[in-house]
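Asker: Take this structure, written in structure tokens, and hold onto it; I'll ask about it next.
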Amino acid sequence: MKIGIDKIGFYAPHLYLDMKKLAAARNIDPDKFTIGIGQEKMALPPVTQDSVTLAANAALNMLSEKDKQAIDFVIFGTESGIDNSKSAGVYVHHLLGINPRARTVEVKQACYGATAGIQMAKGHIALNPDSKVLVLASDIARYGLNTGGESTQGAGAVALLVSKDPQIMALEDTSTYMTSDIMDFWRPIYSDKAFVDGKFSNEQYIAFFSQVWANYKEKTGHSIKDFEALCFHLPYTKMGLKALRTIFDEGSEEDKERLFDNYQHSARYNRVVGNIYTGSLYLSLLSLLENKQNLKAGSRIGLFSYGSGAVGEFFTGILQPGYREHLQMEHHTKLFEARQEVSVEEYEQIFEETLPVDGSTIELDIEKDPAAICLAGLENNKRQYINKVN
Ligand code: CAA
């Protein structure tokens, strides 16, 4: 039985910052951000968007009524959870009107959470072939103003519907993975900003990729020539390129050209969104599928997932016939076109505008936020969500 990605949706907040303007404000050569890091724009969430609303907005246009009846498992991957107890997925389950006969959980392992969710979904479908699983990957990457990680922030969510006989990509059975207890990037419970050992995190990302790639080749006998494209977790787009370059000499000039060209397509959305942590790999896959016109059905795509702390996994999928007809290209193009630029001053103000943590009540101005699903305020220590289309 084929199991894999049947539908894929994406949402980013309506505001963005131009990286060249951030560079100018920080007295940094803009080429460092646009070439050295490989980022052009950074998506910025207003206070009316959190990991719940981003995920719900990503899935909103993608699910049919039939899907909502068939979904019996909602898995929410995030490292920007809004509650230490209740799963963010339960809010989304309600906001989207998914039937009550479903399990819902939140999964956390830094940027790897959604990959764990996809593998759990695959096992669930293998046992329950008629069910569908909604996997949500939603995060807000916050390092802080004037920090080393500032240029690698971002916000957004990817929603994936996993089922049998998938319309977009069938997941293959072999995957290779590893865990090692390291402190490259982490966020203690008391902090709303991440801590990072930047250079070490880059090194570990490459080391994990090398290991799981080597294990994958050994396990399957496949090599670089068996791949049409490789998609990477993209904390910033140069990172995936650095990893890809480490294996260029394993193939011919033709392999190198194909993988490099497809890499550029797979990084296009990430270049203008920034890091969305656990959704970044799936945004990169979406970017490849929507921006590259002529990928053939049957092509094998490799996916490298990395979650600091750290867990890494390499797994693969096969593109299905007619997959392009099942993408939401028009919707995503409109979403990108409608985004509004903010100045560095506005960005700094929005960044500092956070929710009260002392239990006080607050009503937020949701009129300024064009998203269908917004956070409207806080009351009695409960987040108040609104679906404007209901
Ligand atoms: N023109 C062109 N390129 C320039 C340049 C210029 N004027 N100035 C600098 N550069 C290049 C540098 O040569 C360097 O390129 P290489 O990496 O290819 O050598 C690149 O720009 C970055 O320069 P620095 O290393 O000096 O940058 P930095 O000290 O500001 O740190 C960073 C960069 C470590 C990525 C930092 O932004 C950071 O800590 N980010 C957050 C952590 C992160 O994203 N880690 C990635 C792996 S961990 C992970 O993947 C999980 C996750 O999501 C966080």
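Ordered as shown in the structure tokens, chains take letters A, B, and onward, while each chain numbers its residues from 1 and ligands are numbered from 1 in the order shown.
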Taking the DSSP secondary structure from the backbone, can you list the residues of range 36-76 of chain A that are helix (DSSP H, G or I), as a count of residues only?

Answerer: 18

Asker: At a cut-off of 9 Å and counting only C-alpha atoms and all ligand atoms, what residues surround ligand 1? Please answer as a compact mmCIF listing (two decimals) with N, CA, C and O atoms, in the first residue's frame.

Answerer:
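Contents of out.txt, freshly written:
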```txt
# COMPACT_ATOMS: atom_id res chain seq x y z
N ILE A 28 25.56 46.22 8.63
CA ILE A 28 26.13 44.97 8.08
C ILE A 28 26.03 45.06 6.56
O ILE A 28 25.05 45.60 6.02
N ASP A 29 27.02 44.52 5.85
CA ASP A 29 26.96 44.49 4.38
C ASP A 29 25.74 43.64 3.97
O ASP A 29 25.64 42.48 4.39
N PRO A 30 24.79 44.20 3.18
CA PRO A 30 23.59 43.43 2.82
C PRO A 30 23.91 42.09 2.15
O PRO A 30 23.13 41.13 2.27
N ASP A 31 25.05 41.99 1.46
CA ASP A 31 25.42 40.73 0.81
C ASP A 31 25.59 39.60 1.83
O ASP A 31 25.43 38.42 1.50
N LYS A 32 25.94 39.98 3.05
CA LYS A 32 26.08 38.92 4.07
C LYS A 32 24.73 38.21 4.26
O LYS A 32 24.68 36.98 4.34
N PHE A 33 23.67 39.01 4.31
CA PHE A 33 22.35 38.40 4.53
C PHE A 33 21.82 37.73 3.24
O PHE A 33 21.30 36.62 3.29
N THR A 34 21.95 38.43 2.10
CA THR A 34 21.31 37.90 0.89
C THR A 34 22.14 36.79 0.23
O THR A 34 21.58 35.86 -0.34
N ILE A 35 23.50 36.90 0.35
CA ILE A 35 24.35 35.86 -0.26
C ILE A 35 24.91 34.92 0.82
O ILE A 35 24.75 33.71 0.76
N GLY A 36 25.55 35.51 1.84
CA GLY A 36 26.21 34.70 2.89
C GLY A 36 25.23 33.82 3.65
O GLY A 36 25.52 32.66 3.95
N ILE A 37 24.07 34.39 4.00
CA ILE A 37 23.03 33.62 4.72
C ILE A 37 22.00 33.09 3.71
O ILE A 37 21.44 32.02 3.88
N GLY A 38 21.74 33.89 2.68
CA GLY A 38 20.81 33.46 1.62
C GLY A 38 19.36 33.78 1.93
O GLY A 38 18.45 33.04 1.55
N ALA A 110 12.50 20.12 18.60
CA ALA A 110 13.02 21.22 17.78
C ALA A 110 12.46 21.14 16.36
O ALA A 110 11.27 20.88 16.19
N CYS A 111 13.29 21.33 15.36
CA CYS A 111 12.79 21.39 13.98
C CYS A 111 12.47 20.01 13.41
O CYS A 111 12.13 19.88 12.24
N TYR A 112 12.61 18.98 14.23
CA TYR A 112 12.35 17.61 13.76
C TYR A 112 10.91 17.17 14.07
O TYR A 112 10.45 16.15 13.55
N ALA A 141 10.19 31.62 14.72
CA ALA A 141 11.61 31.61 15.06
C ALA A 141 11.99 32.98 15.61
O ALA A 141 11.96 33.97 14.88
N TYR A 143 14.97 34.99 17.86
CA TYR A 143 16.27 34.99 18.53
C TYR A 143 16.47 36.29 19.32
O TYR A 143 17.23 36.34 20.27
N THR A 147 20.73 40.28 17.70
CA THR A 147 21.45 39.06 18.09
C THR A 147 22.06 38.41 16.84
O THR A 147 21.68 38.75 15.71
N GLY A 148 22.96 37.45 17.04
CA GLY A 148 23.58 36.76 15.92
C GLY A 148 22.58 36.00 15.07
O GLY A 148 22.77 35.83 13.87
N GLY A 149 21.51 35.54 15.70
CA GLY A 149 20.51 34.75 14.96
C GLY A 149 19.43 35.60 14.32
O GLY A 149 18.55 35.06 13.63
N GLU A 150 19.48 36.94 14.53
CA GLU A 150 18.36 37.79 14.10
C GLU A 150 18.00 37.61 12.62
O GLU A 150 16.83 37.57 12.25
N SER A 151 19.03 37.46 11.79
CA SER A 151 18.78 37.37 10.34
C SER A 151 18.18 36.03 9.94
O SER A 151 17.80 35.82 8.78
N THR A 152 18.11 35.10 10.89
CA THR A 152 17.55 33.78 10.56
C THR A 152 16.22 33.53 11.29
O THR A 152 15.86 32.39 11.58
N GLN A 153 15.49 34.62 11.55
CA GLN A 153 14.16 34.46 12.15
C GLN A 153 13.12 34.26 11.04
O GLN A 153 13.43 34.35 9.85
N ASP A 184 23.30 22.70 20.80
CA ASP A 184 23.60 23.61 19.69
C ASP A 184 22.56 24.73 19.61
O ASP A 184 22.85 25.83 19.16
N PHE A 185 21.35 24.43 20.04
CA PHE A 185 20.23 25.37 19.99
C PHE A 185 19.19 24.86 20.95
O PHE A 185 18.88 23.68 20.95
N TRP A 186 18.65 25.75 21.79
CA TRP A 186 17.65 25.30 22.77
C TRP A 186 16.86 26.53 23.23
O TRP A 186 17.24 27.67 23.01
N ALA A 194 15.19 31.94 21.52
CA ALA A 194 16.07 30.77 21.51
C ALA A 194 17.49 31.15 21.90
O ALA A 194 17.93 32.28 21.69
N PHE A 195 18.21 30.20 22.47
CA PHE A 195 19.65 30.32 22.71
C PHE A 195 20.34 29.45 21.66
O PHE A 195 19.82 28.39 21.30
N VAL A 196 21.48 29.90 21.19
CA VAL A 196 22.11 29.13 20.11
C VAL A 196 23.62 29.27 20.14
O VAL A 196 24.15 30.33 20.50
N ASP A 197 24.30 28.18 19.83
CA ASP A 197 25.75 28.22 19.60
C ASP A 197 25.86 28.09 18.07
O ASP A 197 25.93 26.98 17.54
N GLY A 198 25.82 29.24 17.41
CA GLY A 198 25.64 29.30 15.95
C GLY A 198 26.57 28.42 15.14
O GLY A 198 26.15 27.57 14.35
N LYS A 199 27.88 28.61 15.36
CA LYS A 199 28.86 27.86 14.54
C LYS A 199 28.74 26.35 14.82
O LYS A 199 28.79 25.53 13.91
N PHE A 200 28.58 26.01 16.10
CA PHE A 200 28.45 24.60 16.48
C PHE A 200 27.20 24.00 15.83
O PHE A 200 27.23 22.86 15.34
N SER A 201 26.11 24.78 15.79
CA SER A 201 24.87 24.26 15.20
C SER A 201 25.08 23.97 13.71
O SER A 201 24.61 22.95 13.21
N ASN A 202 25.80 24.85 13.04
CA ASN A 202 26.09 24.61 11.61
C ASN A 202 26.89 23.32 11.42
O ASN A 202 26.59 22.50 10.54
N GLU A 203 27.91 23.15 12.27
CA GLU A 203 28.77 21.96 12.15
C GLU A 203 27.98 20.69 12.40
O GLU A 203 28.13 19.69 11.70
N GLN A 204 27.12 20.73 13.44
CA GLN A 204 26.36 19.54 13.80
C GLN A 204 25.34 19.17 12.73
O GLN A 204 25.08 18.00 12.46
N TYR A 205 24.75 20.20 12.12
CA TYR A 205 23.79 19.97 11.03
C TYR A 205 24.47 19.16 9.92
O TYR A 205 23.96 18.14 9.44
N ILE A 206 25.68 19.60 9.54
CA ILE A 206 26.42 18.90 8.47
C ILE A 206 26.81 17.49 8.93
O ILE A 206 26.69 16.52 8.18
N HIS A 233 16.12 20.64 5.67
CA HIS A 233 15.65 21.61 6.67
C HIS A 233 16.44 22.90 6.39
O HIS A 233 17.68 22.86 6.31
N LEU A 234 15.75 24.01 6.23
CA LEU A 234 16.45 25.25 5.87
C LEU A 234 16.29 26.32 6.96
O LEU A 234 15.36 27.14 6.90
N PRO A 235 17.18 26.34 7.94
CA PRO A 235 17.15 27.42 8.94
C PRO A 235 17.44 28.75 8.25
O PRO A 235 17.00 29.80 8.68
N TYR A 236 18.26 28.69 7.20
CA TYR A 236 18.51 29.77 6.26
C TYR A 236 18.99 29.06 4.99
O TYR A 236 19.52 27.95 5.08
N LYS A 238 21.34 29.16 2.81
CA LYS A 238 22.72 28.75 2.56
C LYS A 238 23.05 27.44 3.27
O LYS A 238 23.92 26.69 2.83
N MET A 239 22.37 27.16 4.38
CA MET A 239 22.70 25.97 5.19
C MET A 239 22.50 24.68 4.39
O MET A 239 23.36 23.80 4.37
N GLY A 240 21.35 24.59 3.70
CA GLY A 240 21.09 23.39 2.91
C GLY A 240 22.10 23.25 1.78
O GLY A 240 22.54 22.14 1.44
N LYS A 242 25.16 24.29 1.79
CA LYS A 242 26.43 23.81 2.35
C LYS A 242 26.40 22.30 2.50
O LYS A 242 27.39 21.63 2.23
N ASN A 275 13.26 31.24 8.66
CA ASN A 275 13.19 29.94 9.34
C ASN A 275 11.80 29.76 9.94
O ASN A 275 11.30 30.63 10.64
N ILE A 276 11.16 28.65 9.62
CA ILE A 276 9.90 28.32 10.31
C ILE A 276 10.10 26.99 11.07
O ILE A 276 9.17 26.21 11.25
N TYR A 277 11.34 26.79 11.50
CA TYR A 277 11.72 25.63 12.31
C TYR A 277 11.15 24.32 11.75
O TYR A 277 11.56 23.89 10.69
N THR A 278 10.17 23.71 12.44
CA THR A 278 9.78 22.35 12.03
C THR A 278 9.08 22.30 10.68
O THR A 278 9.06 21.26 10.03
N SER A 280 10.17 24.07 8.09
CA SER A 280 11.10 24.55 7.05
C SER A 280 11.37 23.51 5.96
O SER A 280 11.42 23.84 4.77
N SER A 305 15.87 15.96 7.53
CA SER A 305 15.25 16.67 8.65
C SER A 305 16.26 16.78 9.77
O SER A 305 16.93 15.79 10.10
N TYR A 306 16.39 17.98 10.36
CA TYR A 306 17.32 18.16 11.48
C TYR A 306 16.66 18.98 12.57
O TYR A 306 16.16 20.07 12.31
N GLY A 307 16.64 18.44 13.76
CA GLY A 307 16.10 19.17 14.91
C GLY A 307 17.16 19.27 15.98
O GLY A 307 17.59 18.25 16.54
N SER A 308 17.61 20.48 16.25
CA SER A 308 18.71 20.70 17.20
C SER A 308 18.48 19.97 18.50
O SER A 308 17.36 19.75 18.93
N GLY A 309 19.59 19.63 19.10
CA GLY A 309 19.50 19.03 20.44
C GLY A 309 20.05 17.61 20.60
O GLY A 309 20.49 17.30 21.67
N ALA A 310 20.01 16.71 19.62
CA ALA A 310 19.63 16.85 18.23
C ALA A 310 19.17 15.49 17.69
O ALA A 310 19.65 14.44 18.15
```

Asker: Can you list, as a ChimeraX atom specification, every protein, DNA or RNA residue that comes within 7 Å of range 328-341 of chain A when you count only C-alpha atoms, leaving out same-chain residues fewer than 4 positions away?

Answerer: /A:9,14-17,290

Asker: Given the choices A:Pro129, A:Gly156, A:Gly89, A:Gly97, which gets closest to Leu54 in chain A if the distance is worked out from only C-alpha atoms?

Answerer: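 Looking only at the distances to Leu54 in chain A, the closest residue turns out to be A:Gly156.
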
Asker: Using DSSP on the backbone coordinates, identify the residues of range 108-320 of chain A assigned to strand (DSSP E or B); present them as an MDAnalysis selection string.

Answerer: chainID A and resid 109 111 132:141 154:164 169:171 176:179 185:186 195:196 229:232 274 300:307 311:319

Asker: Restricting the calculation to only C-alpha atoms, which member of A:Arg324, A:Ala159, A:Ile182, A:Leu319 is positioned closest to Glu228 in chain A?

Answerer: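 Among the listed residues, A:Leu319 lies closest to Glu228 in chain A.
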
Asker: Please provide the set of residues having any atom within 12 Å of Gln211 in chain A, restricted to only C-alpha atoms, with same-chain residues fewer than 4 positions apart removed, written as a list in words.

Answerer: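 Counting only the stated atoms, we get Thr176, Tyr177, Met178, Thr179, Ser180, Gln204, Tyr205, Ile206, Ala207, Asn215, Tyr216, Lys217, Glu218, Ala243, Thr246, Ile247, Phe304, Tyr306, Val311, Gly312, Glu313 and Phe314 of chain A.
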
Asker: Just to confirm, what's the straight-line distance from CA of Ala43 in chain A to CA of Leu259 in chain A in Å (one decimal)?

Answerer: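 Value for the CA of Ala43 in chain A-CA of Leu259 in chain A distance: 26.9 Å.
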